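Printed here is input03.cif (mmCIF, C-alpha atoms):
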```
data_query
loop_
_atom_site.label_atom_id
_atom_site.label_comp_id
_atom_site.auth_asym_id
_atom_site.auth_seq_id
_atom_site.Cartn_x
_atom_site.Cartn_y
_atom_site.Cartn_z
CA MET I 1 14.96 4.04 -47.04
CA LYS I 2 18.61 3.16 -46.64
CA ILE I 3 19.72 1.30 -43.54
CA SER I 4 22.15 4.07 -42.55
CA ARG I 5 19.38 6.69 -42.64
CA LEU I 6 17.06 4.40 -40.67
CA LYS I 7 19.72 3.94 -37.99
CA LYS I 8 20.17 7.71 -37.63
CA VAL I 9 16.42 8.23 -37.30
CA GLN I 10 16.10 5.49 -34.68
CA LYS I 11 19.11 6.82 -32.78
CA ASN I 12 17.62 10.32 -32.57
CA LEU I 13 14.17 9.00 -31.66
CA ASN I 14 15.66 6.81 -28.93
CA PHE I 15 17.40 9.85 -27.48
CA TYR I 16 14.09 11.68 -27.07
CA THR I 17 12.38 8.50 -25.88
CA ASN I 18 14.95 7.82 -23.16
CA ASN I 19 15.52 11.40 -22.02
CA TYR I 20 12.19 13.15 -22.64
CA LYS I 21 9.65 10.29 -22.52
CA PHE I 22 8.42 10.57 -26.12
CA ARG I 23 5.95 7.80 -26.97
CA GLN I 24 3.98 6.63 -29.99
CA PRO I 25 2.01 8.00 -31.68
CA TYR I 26 4.46 10.86 -32.14
CA GLN I 27 2.61 14.19 -32.33
CA VAL I 28 3.92 16.30 -35.23
CA LEU I 29 2.89 19.96 -35.54
CA VAL I 30 3.01 20.90 -39.24
CA ASP I 31 3.16 24.49 -40.48
CA GLY I 32 2.43 26.03 -43.87
CA THR I 33 6.06 26.14 -45.02
CA PHE I 34 6.48 22.40 -44.57
CA SER I 35 3.24 21.73 -46.48
CA PHE I 36 4.36 24.04 -49.29
CA ALA I 37 7.75 22.28 -49.57
CA ALA I 38 6.02 18.88 -49.55
CA LEU I 39 3.76 19.98 -52.40
CA GLU I 40 6.66 21.25 -54.49
CA ASN I 41 8.70 18.06 -53.96
CA LYS I 42 5.68 15.77 -54.36
CA PHE I 43 6.15 14.43 -50.84
CA ASN I 44 3.04 12.85 -49.32
CA ILE I 45 3.19 13.82 -45.65
CA LYS I 46 0.54 11.36 -44.46
CA ASP I 47 2.16 8.37 -46.14
CA GLN I 48 5.85 9.17 -46.01
CA LEU I 49 6.38 10.44 -42.43
CA PRO I 50 5.15 7.22 -40.73
CA LYS I 51 7.40 5.22 -43.06
CA TYR I 52 10.32 7.51 -42.28
CA PHE I 53 9.88 7.09 -38.50
CA GLN I 54 8.90 3.41 -38.77
CA ALA I 55 6.32 4.28 -36.13
CA GLU I 56 2.81 5.61 -35.66
CA VAL I 57 2.55 9.36 -36.25
CA LYS I 58 -0.22 11.83 -35.43
CA LEU I 59 -0.15 14.90 -37.71
CA LEU I 60 -1.55 18.11 -36.21
CA THR I 61 -1.83 21.79 -37.03
CA THR I 62 -3.41 24.90 -35.48
CA GLN I 63 -6.03 27.42 -36.51
CA CYS I 64 -3.39 30.14 -36.68
CA VAL I 65 -1.36 28.16 -39.24
CA ILE I 66 -4.45 27.63 -41.41
CA LEU I 67 -5.40 31.31 -41.29
CA GLU I 68 -1.85 32.31 -42.19
CA THR I 69 -1.86 30.12 -45.32
CA GLU I 70 -5.27 31.45 -46.32
CA LYS I 71 -4.01 35.02 -46.16
CA LEU I 72 -1.10 34.26 -48.49
CA GLY I 73 -3.57 33.73 -51.35
CA SER I 74 -3.44 31.58 -54.45
CA LYS I 75 0.33 31.06 -54.33
CA VAL I 76 0.01 28.64 -51.43
CA PHE I 77 -3.48 27.36 -52.21
CA GLY I 78 -2.28 23.76 -52.58
CA ALA I 79 -0.38 23.96 -49.28
CA MET I 80 -3.52 25.29 -47.59
CA LEU I 81 -5.51 22.28 -48.83
CA ILE I 82 -2.86 19.93 -47.47
CA ILE I 83 -2.69 21.64 -44.09
CA LYS I 84 -6.47 21.54 -43.72
CA GLN I 85 -6.39 17.74 -43.90
CA PHE I 86 -4.78 17.50 -40.47
CA PRO I 87 -6.66 17.66 -37.16
CA VAL I 88 -6.69 21.17 -35.66
CA HIS I 89 -5.16 21.38 -32.19
CA LYS I 90 -6.44 24.08 -29.83
CA CYS I 91 -3.82 26.77 -29.40
CA GLY I 92 -5.68 29.36 -27.31
CA HIS I 93 -5.52 32.03 -30.03
CA GLU I 94 -9.05 31.56 -31.35
CA LYS I 95 -10.07 35.12 -30.46
CA ASN I 96 -6.73 36.74 -31.28
CA PRO I 97 -5.02 34.79 -34.09
CA THR I 98 -1.26 35.18 -34.42
CA SER I 99 1.40 34.09 -36.93
CA GLY I 100 2.04 30.40 -37.46
CA SER I 101 5.57 30.53 -35.99
CA LYS I 102 4.47 32.36 -32.82
CA CYS I 103 1.56 29.98 -32.43
CA LEU I 104 3.76 26.88 -32.62
CA LEU I 105 6.30 28.35 -30.19
CA SER I 106 3.52 29.04 -27.70
CA MET I 107 2.47 25.39 -27.98
CA LEU I 108 5.94 24.29 -26.91
CA LYS I 109 5.91 26.49 -23.78
CA VAL I 110 9.08 26.17 -21.68
CA ASP I 111 10.05 22.50 -21.91
CA ASN I 112 7.61 20.98 -24.44
CA PRO I 113 5.38 19.17 -21.91
CA SER I 114 3.06 17.76 -24.62
CA ARG I 115 6.02 16.16 -26.48
CA TYR I 116 5.49 17.81 -29.88
CA LEU I 117 7.70 17.39 -32.94
CA ILE I 118 7.89 20.49 -35.15
CA ALA I 119 7.81 20.11 -38.95
CA THR I 120 8.82 23.40 -40.60
CA GLN I 121 10.98 24.90 -43.33
CA ASP I 122 11.03 28.34 -41.66
CA ARG I 123 14.69 29.05 -40.82
CA GLU I 124 13.85 31.60 -38.13
CA LEU I 125 11.41 29.22 -36.45
CA GLN I 126 13.99 26.42 -36.62
CA ASP I 127 16.55 28.57 -34.79
CA ARG I 128 14.00 29.39 -32.09
CA VAL I 129 13.05 25.73 -31.69
CA ARG I 130 16.70 24.74 -31.21
CA GLN I 131 16.83 26.98 -28.13
CA ILE I 132 14.08 25.01 -26.41
CA SER I 133 15.11 21.74 -24.80
CA GLY I 134 13.41 18.52 -25.80
CA VAL I 135 11.89 19.55 -29.16
CA PRO I 136 12.63 17.33 -32.21
CA LEU I 137 12.86 19.28 -35.47
CA ILE I 138 11.82 17.88 -38.86
CA TYR I 139 12.40 19.47 -42.27
CA LEU I 140 12.57 18.40 -45.91
CA HIS I 141 15.92 18.13 -47.64
CA GLY I 142 14.67 17.96 -51.21
CA LYS I 143 12.31 14.98 -51.25
CA ALA I 144 13.88 13.40 -48.18
CA PRO I 145 12.50 14.10 -44.70
CA THR I 146 15.17 14.75 -42.07
CA LEU I 147 14.92 14.47 -38.30
CA GLU I 148 17.61 16.80 -37.02
CA PRO I 149 19.95 15.49 -34.30
CA PRO I 150 19.28 16.90 -30.80
CA SER I 151 20.47 20.49 -30.40
CA ARG I 152 23.20 21.55 -28.00
CA VAL I 153 20.62 22.99 -25.59
CA THR I 154 18.70 19.71 -25.60
CA LYS I 155 21.82 17.60 -24.99
CA GLU I 156 23.03 19.81 -22.13
CA HIS I 157 19.61 19.73 -20.46
CA ALA I 158 19.41 15.93 -20.81
CA GLU I 159 22.87 15.60 -19.25
CA LYS I 160 21.85 17.74 -16.29
CA VAL I 161 18.76 15.65 -15.77
CA ARG I 162 20.83 12.46 -15.85
CA GLN I 163 23.15 13.87 -13.20
CA GLY I 164 20.19 14.83 -11.04
CA VAL I 165 20.75 18.60 -11.32
CA GLY I 166 17.55 19.23 -13.24
CA MET I 167 15.35 17.10 -10.95
CA ASN I 168 13.33 18.32 -8.02
CA SER I 169 13.12 16.40 -4.77
CA PHE I 170 9.85 14.69 -5.72
CA GLN I 171 11.29 13.34 -8.98
CA ASP I 172 14.42 12.22 -7.15
CA GLU I 173 12.37 10.22 -4.64
CA ILE I 174 10.40 8.56 -7.46
CA ILE I 175 13.61 7.51 -9.21
CA LYS I 176 15.05 6.10 -5.97
CA SER I 177 11.89 4.08 -5.30
CA LEU I 178 11.88 2.73 -8.87
CA LYS I 179 15.51 1.66 -8.52
CA VAL I 180 14.68 -0.18 -5.30
CA GLN I 181 11.67 -1.91 -6.89
CA SER I 182 13.70 -3.01 -9.90
CA GLY I 183 16.46 -4.34 -7.64
CA LEU I 184 19.14 -1.91 -8.83
CA THR I 185 19.75 -0.63 -5.32
CA LYS I 186 18.98 -1.98 -1.89
CA ALA I 187 16.44 -0.30 0.31
CA ASP I 188 17.81 1.93 3.02
CA PRO I 189 18.33 -0.19 6.13
CA GLN I 190 16.33 0.75 9.17
CA PRO I 191 18.46 2.67 11.65
CA LYS I 192 19.51 0.50 14.55
CA LYS I 193 18.18 1.49 17.91
CA LYS I 194 20.87 2.65 20.24
CA LYS I 195 21.22 0.47 23.28
CA LYS I 196 20.55 2.31 26.48
CA ILE I 197 23.38 2.24 28.97
CA LYS I 198 22.15 0.04 31.76
CA GLY I 199 23.24 0.42 35.37
CA PRO I 200 25.12 -2.28 37.25
CA ASN I 201 23.29 -5.45 38.18
CA PRO I 202 21.77 -4.85 41.63
CA LEU I 203 22.44 -8.46 42.57
CA SER I 204 26.11 -8.07 41.84
CA CYS I 205 26.25 -5.02 44.08
CA LYS I 206 25.03 -6.83 47.20
CA LYS I 207 27.53 -7.33 49.94
CA LYS I 208 28.64 -10.86 50.42
CA GLN I 209 26.99 -12.41 53.43
CA LYS I 210 29.30 -13.95 55.98
CA LYS I 211 28.76 -17.62 56.53
CA THR I 212 27.87 -18.30 60.14
CA LEU I 213 29.73 -21.17 61.78
CA VAL I 214 27.52 -23.47 63.70
CA SER I 215 29.17 -24.66 66.91
CA LEU I 216 29.08 -28.27 67.96
CA SER I 217 27.25 -27.35 71.12
CA THR I 218 24.34 -25.75 69.29
CA ILE I 219 24.00 -28.80 67.11
CA LYS I 220 23.84 -31.00 70.17
CA GLU I 221 21.23 -28.78 71.80
CA SER I 222 19.03 -28.75 68.75
CA GLY I 223 19.07 -32.55 68.74
CA LYS I 224 19.69 -32.77 65.10
CA ILE I 225 23.11 -34.44 65.39
CA ARG I 226 24.22 -36.69 68.22
CA LYS I 227 27.67 -38.05 68.33
CA ARG I 228 28.68 -40.81 70.70
CA LYS I 229 32.20 -40.92 71.88
CA LYS I 230 33.66 -44.40 72.06
CA VAL I 231 35.70 -45.06 75.25
CA LYS I 232 38.41 -47.57 74.79
CA ILE I 233 38.91 -49.95 77.84
CA PRO I 234 42.37 -51.34 78.30
CA ALA I 235 42.73 -55.12 78.04
CA HIS I 236 44.00 -55.66 81.61
CA VAL I 237 41.02 -53.76 83.00
CA LYS I 238 38.66 -55.98 81.01
CA GLU I 239 40.29 -59.11 82.58
CA VAL I 240 39.89 -57.72 86.07
CA LEU I 241 36.23 -56.93 85.44
CA LYS I 242 35.61 -60.43 84.12
CA SER I 243 37.19 -62.05 87.19
CA GLU I 244 35.27 -59.91 89.66
CA LEU I 245 31.92 -60.19 87.95
CA PRO I 246 31.09 -63.81 89.18
CA LYS I 247 31.97 -62.87 92.75
CA ALA I 248 29.59 -59.96 92.67
CA VAL I 249 26.81 -62.23 91.36
CA LYS I 250 27.32 -64.76 94.23
CA THR I 251 27.24 -62.23 96.99
CA SER I 252 24.02 -60.78 95.58
#
```

Now that the file is in, can you turn its structure into structure tokens?
Amino acid sequence: MKISRLKKVQKNLNFYTNNYKFRQPYQVLVDGTFSFAALENKFNIKDQLPKYFQAEVKLLTTQCVILETEKLGSKVFGAMLIIKQFPVHKCGHEKNPTSGSKCLLSMLKVDNPSRYLIATQDRELQDRVRQISGVPLIYLHGKAPTLEPPSRVTKEHAEKVRQGVGMNSFQDEIIKSLKVQSGLTKADPQPKKKKKIKGPNPLSCKKKQKKTLVSLSTIKESGKIRKRKKVKIPAHVKEVLKSELPKAVKTS
């Protein structure tokens, strides 16, 4: 396969891998028209599709598709043999079989939760598949398999999901937690507790106590402090006392 074709295939597969979580092995639902075209163009589905995708592929069909090819008779006998080689997936129509196209559409449901790829040459079925988001479409262009680029409906739905419009609250919370774990965003900070408004300090509200002055008399009475007053004697009085002191001693 040419490098340019391989790049296109990988680009389209990566789109479905990134936006719709497709994983290997890719589950391919094959109908009778695709098997008939493969037989005519000598295209070996089992060998060539895995090589085309460069990945592991699981080929499936349904009981309704097999019954439809059986009813068409000998014209599609070879296609019937090819289709019967694939594992039969339960479709829920075992009691009331329906056409192959209706059966495959019912398998897709609303948004293709089982991640099926549809391989068909039916133009009407292809148009219906393009209206369902997230469904890769495969067909044969001659001998070459072709994975069609994502349809407009698929691209618009993927864009809405990327913008968060198509996500519910649960999915949104999961994505936020994954971003936090991977370090892309910081965890929401814990809300700070509001400080309660405290009243004035009771100690600061006390009235200032007046300092009591202790009088000198109270100190003397308590006996804690005793002060002696020094009496200064004049010099001439001292001389008189000295002269009279011997006389007083003699008379005594």

Exercise. Tell me which protein, DNA and RNA residues are within 10 Å of I:Val65, counting all atoms listed in the file, leaving out same-chain ones fewer than 3 positions away, and put them as a VMD selection string.
Key: chain I and resid 29 to 33 61 to 62 68 to 70 80 83 to 84 88 97 to 104

Quiz item: For this file, the PyMOL selection byres ((chain I and resi 16) around 12) selects which residues, as a PyMOL selection string?
Solution: chain I and resi 9-15+17-24+26+112+115-117+133-137+147-151+154-155+157-158

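What separates atom CA of I:Pro50 from atom CA of I:Phe86 is a distance of 14.3 Å.
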
Exercise. Using all atoms listed in the file, collect all residues at a distance of at most 9 Å from (6.3, 23.0, -43.0) as written in the file, then present them as a PyMOL selection string.
Key: chain I and resi 29-38+118-122+138-140

Practice problem: Find the distance between atom CA of I:Leu60 and atom CA of I:Pro87 and write it in Å to one decimal. | Solution: 5.2 Å

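Nearest residue to I:Gln48, choosing from I:Ala144, I:Val180, I:Val129, I:Met107 and counting all atoms listed in the file: I:Ala144.
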
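Distances to I:Gly78 were evaluated for I:Val110, I:Leu125, I:Leu241, I:Leu39 using all atoms listed in the file, and the minimum falls at I:Leu39.
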
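If you look at atom CA of I:Val28 and atom CA of I:Val153, they are 20.4 Å away from each other.
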
Would you compute the box with edges along x, y and z of the file around stretch 16-29 of chain I, including every atom the file lists for it and 5 Å extra on each side, and give its centre and edge lengths in Å to one decimal, as AutoDock Vina command-line options?
```
--center_x 8.8 --center_y 13.3 --center_z -28.8 --size_x 23.5 --size_y 23.3 --size_z 23.5
```

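Residue nearest I:Lys109 within the list I:Leu59, I:Leu178, I:Ile132, I:Leu6: I:Ile132 [criterion: smallest interatomic distance, only C-alpha atoms].
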
Would you fill the gaps in stretch 48-59 of chain I so it has all heavy atoms, then print it as a PDB file, keeping the file's coordinate frame?
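Once everything was written out, this is result-v4.pdb:
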```pdb
ATOM      1  N   GLN I  48       4.397   9.286 -46.092  1.00  0.00           N
ATOM      2  CA  GLN I  48       5.850   9.170 -46.010  1.00  0.00           C
ATOM      3  C   GLN I  48       6.412   9.354 -44.600  1.00  0.00           C
ATOM      4  O   GLN I  48       7.400   8.696 -44.255  1.00  0.00           O
ATOM      5  CB  GLN I  48       6.506  10.182 -46.967  1.00  0.00           C
ATOM      6  CG  GLN I  48       6.182   9.945 -48.435  1.00  0.00           C
ATOM      7  CD  GLN I  48       6.655   8.578 -48.900  1.00  0.00           C
ATOM      8  OE1 GLN I  48       7.732   8.118 -48.550  1.00  0.00           O
ATOM      9  NE2 GLN I  48       5.844   7.927 -49.725  1.00  0.00           N
ATOM     10  N   LEU I  49       5.820  10.226 -43.788  1.00  0.00           N
ATOM     11  CA  LEU I  49       6.380  10.440 -42.430  1.00  0.00           C
ATOM     12  C   LEU I  49       6.298   9.196 -41.553  1.00  0.00           C
ATOM     13  O   LEU I  49       7.275   8.857 -40.884  1.00  0.00           O
ATOM     14  CB  LEU I  49       5.698  11.631 -41.750  1.00  0.00           C
ATOM     15  CG  LEU I  49       6.299  13.014 -42.011  1.00  0.00           C
ATOM     16  CD1 LEU I  49       5.625  14.069 -41.145  1.00  0.00           C
ATOM     17  CD2 LEU I  49       7.804  13.025 -41.770  1.00  0.00           C
ATOM     18  N   PRO I  50       5.166   8.470 -41.527  1.00  0.00           N
ATOM     19  CA  PRO I  50       5.150   7.220 -40.730  1.00  0.00           C
ATOM     20  C   PRO I  50       6.179   6.206 -41.211  1.00  0.00           C
ATOM     21  O   PRO I  50       6.783   5.498 -40.394  1.00  0.00           O
ATOM     22  CB  PRO I  50       3.722   6.701 -40.923  1.00  0.00           C
ATOM     23  CG  PRO I  50       2.912   7.916 -41.243  1.00  0.00           C
ATOM     24  CD  PRO I  50       3.820   8.797 -42.041  1.00  0.00           C
ATOM     25  N   LYS I  51       6.392   6.138 -42.529  1.00  0.00           N
ATOM     26  CA  LYS I  51       7.400   5.220 -43.060  1.00  0.00           C
ATOM     27  C   LYS I  51       8.802   5.671 -42.656  1.00  0.00           C
ATOM     28  O   LYS I  51       9.671   4.843 -42.364  1.00  0.00           O
ATOM     29  CB  LYS I  51       7.303   5.157 -44.582  1.00  0.00           C
ATOM     30  CG  LYS I  51       6.066   4.446 -45.091  1.00  0.00           C
ATOM     31  CD  LYS I  51       6.053   4.415 -46.611  1.00  0.00           C
ATOM     32  CE  LYS I  51       4.793   3.708 -47.136  1.00  0.00           C
ATOM     33  NZ  LYS I  51       4.759   3.692 -48.621  1.00  0.00           N
ATOM     34  N   TYR I  52       9.002   6.978 -42.649  1.00  0.00           N
ATOM     35  CA  TYR I  52      10.320   7.510 -42.280  1.00  0.00           C
ATOM     36  C   TYR I  52      10.643   7.183 -40.816  1.00  0.00           C
ATOM     37  O   TYR I  52      11.760   6.766 -40.495  1.00  0.00           O
ATOM     38  CB  TYR I  52      10.348   9.014 -42.517  1.00  0.00           C
ATOM     39  CG  TYR I  52      11.603   9.700 -42.066  1.00  0.00           C
ATOM     40  CD1 TYR I  52      12.812   9.510 -42.738  1.00  0.00           C
ATOM     41  CD2 TYR I  52      11.606  10.562 -40.966  1.00  0.00           C
ATOM     42  CE1 TYR I  52      13.973  10.141 -42.331  1.00  0.00           C
ATOM     43  CE2 TYR I  52      12.757  11.196 -40.548  1.00  0.00           C
ATOM     44  CZ  TYR I  52      13.934  10.986 -41.225  1.00  0.00           C
ATOM     45  OH  TYR I  52      15.082  11.616 -40.808  1.00  0.00           O
ATOM     46  N   PHE I  53       9.664   7.354 -39.927  1.00  0.00           N
ATOM     47  CA  PHE I  53       9.880   7.090 -38.500  1.00  0.00           C
ATOM     48  C   PHE I  53       9.760   5.598 -38.165  1.00  0.00           C
ATOM     49  O   PHE I  53      10.181   5.183 -37.084  1.00  0.00           O
ATOM     50  CB  PHE I  53       8.896   7.873 -37.653  1.00  0.00           C
ATOM     51  CG  PHE I  53       9.157   9.349 -37.599  1.00  0.00           C
ATOM     52  CD1 PHE I  53       8.237  10.252 -38.102  1.00  0.00           C
ATOM     53  CD2 PHE I  53      10.321   9.846 -37.055  1.00  0.00           C
ATOM     54  CE1 PHE I  53       8.474  11.618 -38.054  1.00  0.00           C
ATOM     55  CE2 PHE I  53      10.570  11.204 -36.995  1.00  0.00           C
ATOM     56  CZ  PHE I  53       9.640  12.097 -37.507  1.00  0.00           C
ATOM     57  N   GLN I  54       9.177   4.811 -39.068  1.00  0.00           N
ATOM     58  CA  GLN I  54       8.900   3.410 -38.770  1.00  0.00           C
ATOM     59  C   GLN I  54       8.088   3.305 -37.482  1.00  0.00           C
ATOM     60  O   GLN I  54       8.304   2.422 -36.632  1.00  0.00           O
ATOM     61  CB  GLN I  54      10.201   2.612 -38.634  1.00  0.00           C
ATOM     62  CG  GLN I  54      11.015   2.520 -39.908  1.00  0.00           C
ATOM     63  CD  GLN I  54      10.360   1.657 -40.967  1.00  0.00           C
ATOM     64  OE1 GLN I  54      10.033   0.507 -40.714  1.00  0.00           O
ATOM     65  NE2 GLN I  54      10.146   2.218 -42.149  1.00  0.00           N
ATOM     66  N   ALA I  55       7.124   4.220 -37.354  1.00  0.00           N
ATOM     67  CA  ALA I  55       6.320   4.280 -36.130  1.00  0.00           C
ATOM     68  C   ALA I  55       5.009   5.006 -36.440  1.00  0.00           C
ATOM     69  O   ALA I  55       4.851   5.633 -37.498  1.00  0.00           O
ATOM     70  CB  ALA I  55       7.076   5.020 -35.027  1.00  0.00           C
ATOM     71  N   GLU I  56       4.102   4.941 -35.503  1.00  0.00           N
ATOM     72  CA  GLU I  56       2.810   5.610 -35.660  1.00  0.00           C
ATOM     73  C   GLU I  56       2.989   7.105 -35.420  1.00  0.00           C
ATOM     74  O   GLU I  56       3.645   7.527 -34.449  1.00  0.00           O
ATOM     75  CB  GLU I  56       1.812   5.033 -34.658  1.00  0.00           C
ATOM     76  CG  GLU I  56       0.387   5.505 -34.868  1.00  0.00           C
ATOM     77  CD  GLU I  56      -0.583   4.879 -33.876  1.00  0.00           C
ATOM     78  OE1 GLU I  56      -0.151   3.983 -33.114  1.00  0.00           O
ATOM     79  OE2 GLU I  56      -1.750   5.300 -33.858  1.00  0.00           O
ATOM     80  N   VAL I  57       2.399   7.911 -36.304  1.00  0.00           N
ATOM     81  CA  VAL I  57       2.550   9.360 -36.250  1.00  0.00           C
ATOM     82  C   VAL I  57       1.172  10.022 -36.271  1.00  0.00           C
ATOM     83  O   VAL I  57       0.282   9.592 -37.022  1.00  0.00           O
ATOM     84  CB  VAL I  57       3.393   9.871 -37.446  1.00  0.00           C
ATOM     85  CG1 VAL I  57       3.424  11.389 -37.473  1.00  0.00           C
ATOM     86  CG2 VAL I  57       4.813   9.321 -37.365  1.00  0.00           C
ATOM     87  N   LYS I  58       1.016  11.050 -35.454  1.00  0.00           N
ATOM     88  CA  LYS I  58      -0.220  11.830 -35.430  1.00  0.00           C
ATOM     89  C   LYS I  58       0.087  13.239 -35.917  1.00  0.00           C
ATOM     90  O   LYS I  58       0.783  14.004 -35.244  1.00  0.00           O
ATOM     91  CB  LYS I  58      -0.788  11.866 -34.001  1.00  0.00           C
ATOM     92  CG  LYS I  58      -2.160  12.497 -33.905  1.00  0.00           C
ATOM     93  CD  LYS I  58      -2.679  12.397 -32.472  1.00  0.00           C
ATOM     94  CE  LYS I  58      -4.074  12.992 -32.364  1.00  0.00           C
ATOM     95  NZ  LYS I  58      -4.580  12.914 -30.958  1.00  0.00           N
ATOM     96  N   LEU I  59      -0.407  13.597 -37.098  1.00  0.00           N
ATOM     97  CA  LEU I  59      -0.150  14.900 -37.710  1.00  0.00           C
ATOM     98  C   LEU I  59      -1.180  15.914 -37.221  1.00  0.00           C
ATOM     99  O   LEU I  59      -2.380  15.645 -37.257  1.00  0.00           O
ATOM    100  CB  LEU I  59      -0.190  14.786 -39.234  1.00  0.00           C
ATOM    101  CG  LEU I  59       0.822  13.812 -39.847  1.00  0.00           C
ATOM    102  CD1 LEU I  59       0.532  13.591 -41.326  1.00  0.00           C
ATOM    103  CD2 LEU I  59       2.241  14.338 -39.657  1.00  0.00           C
TER     104      LEU I  59
END
```
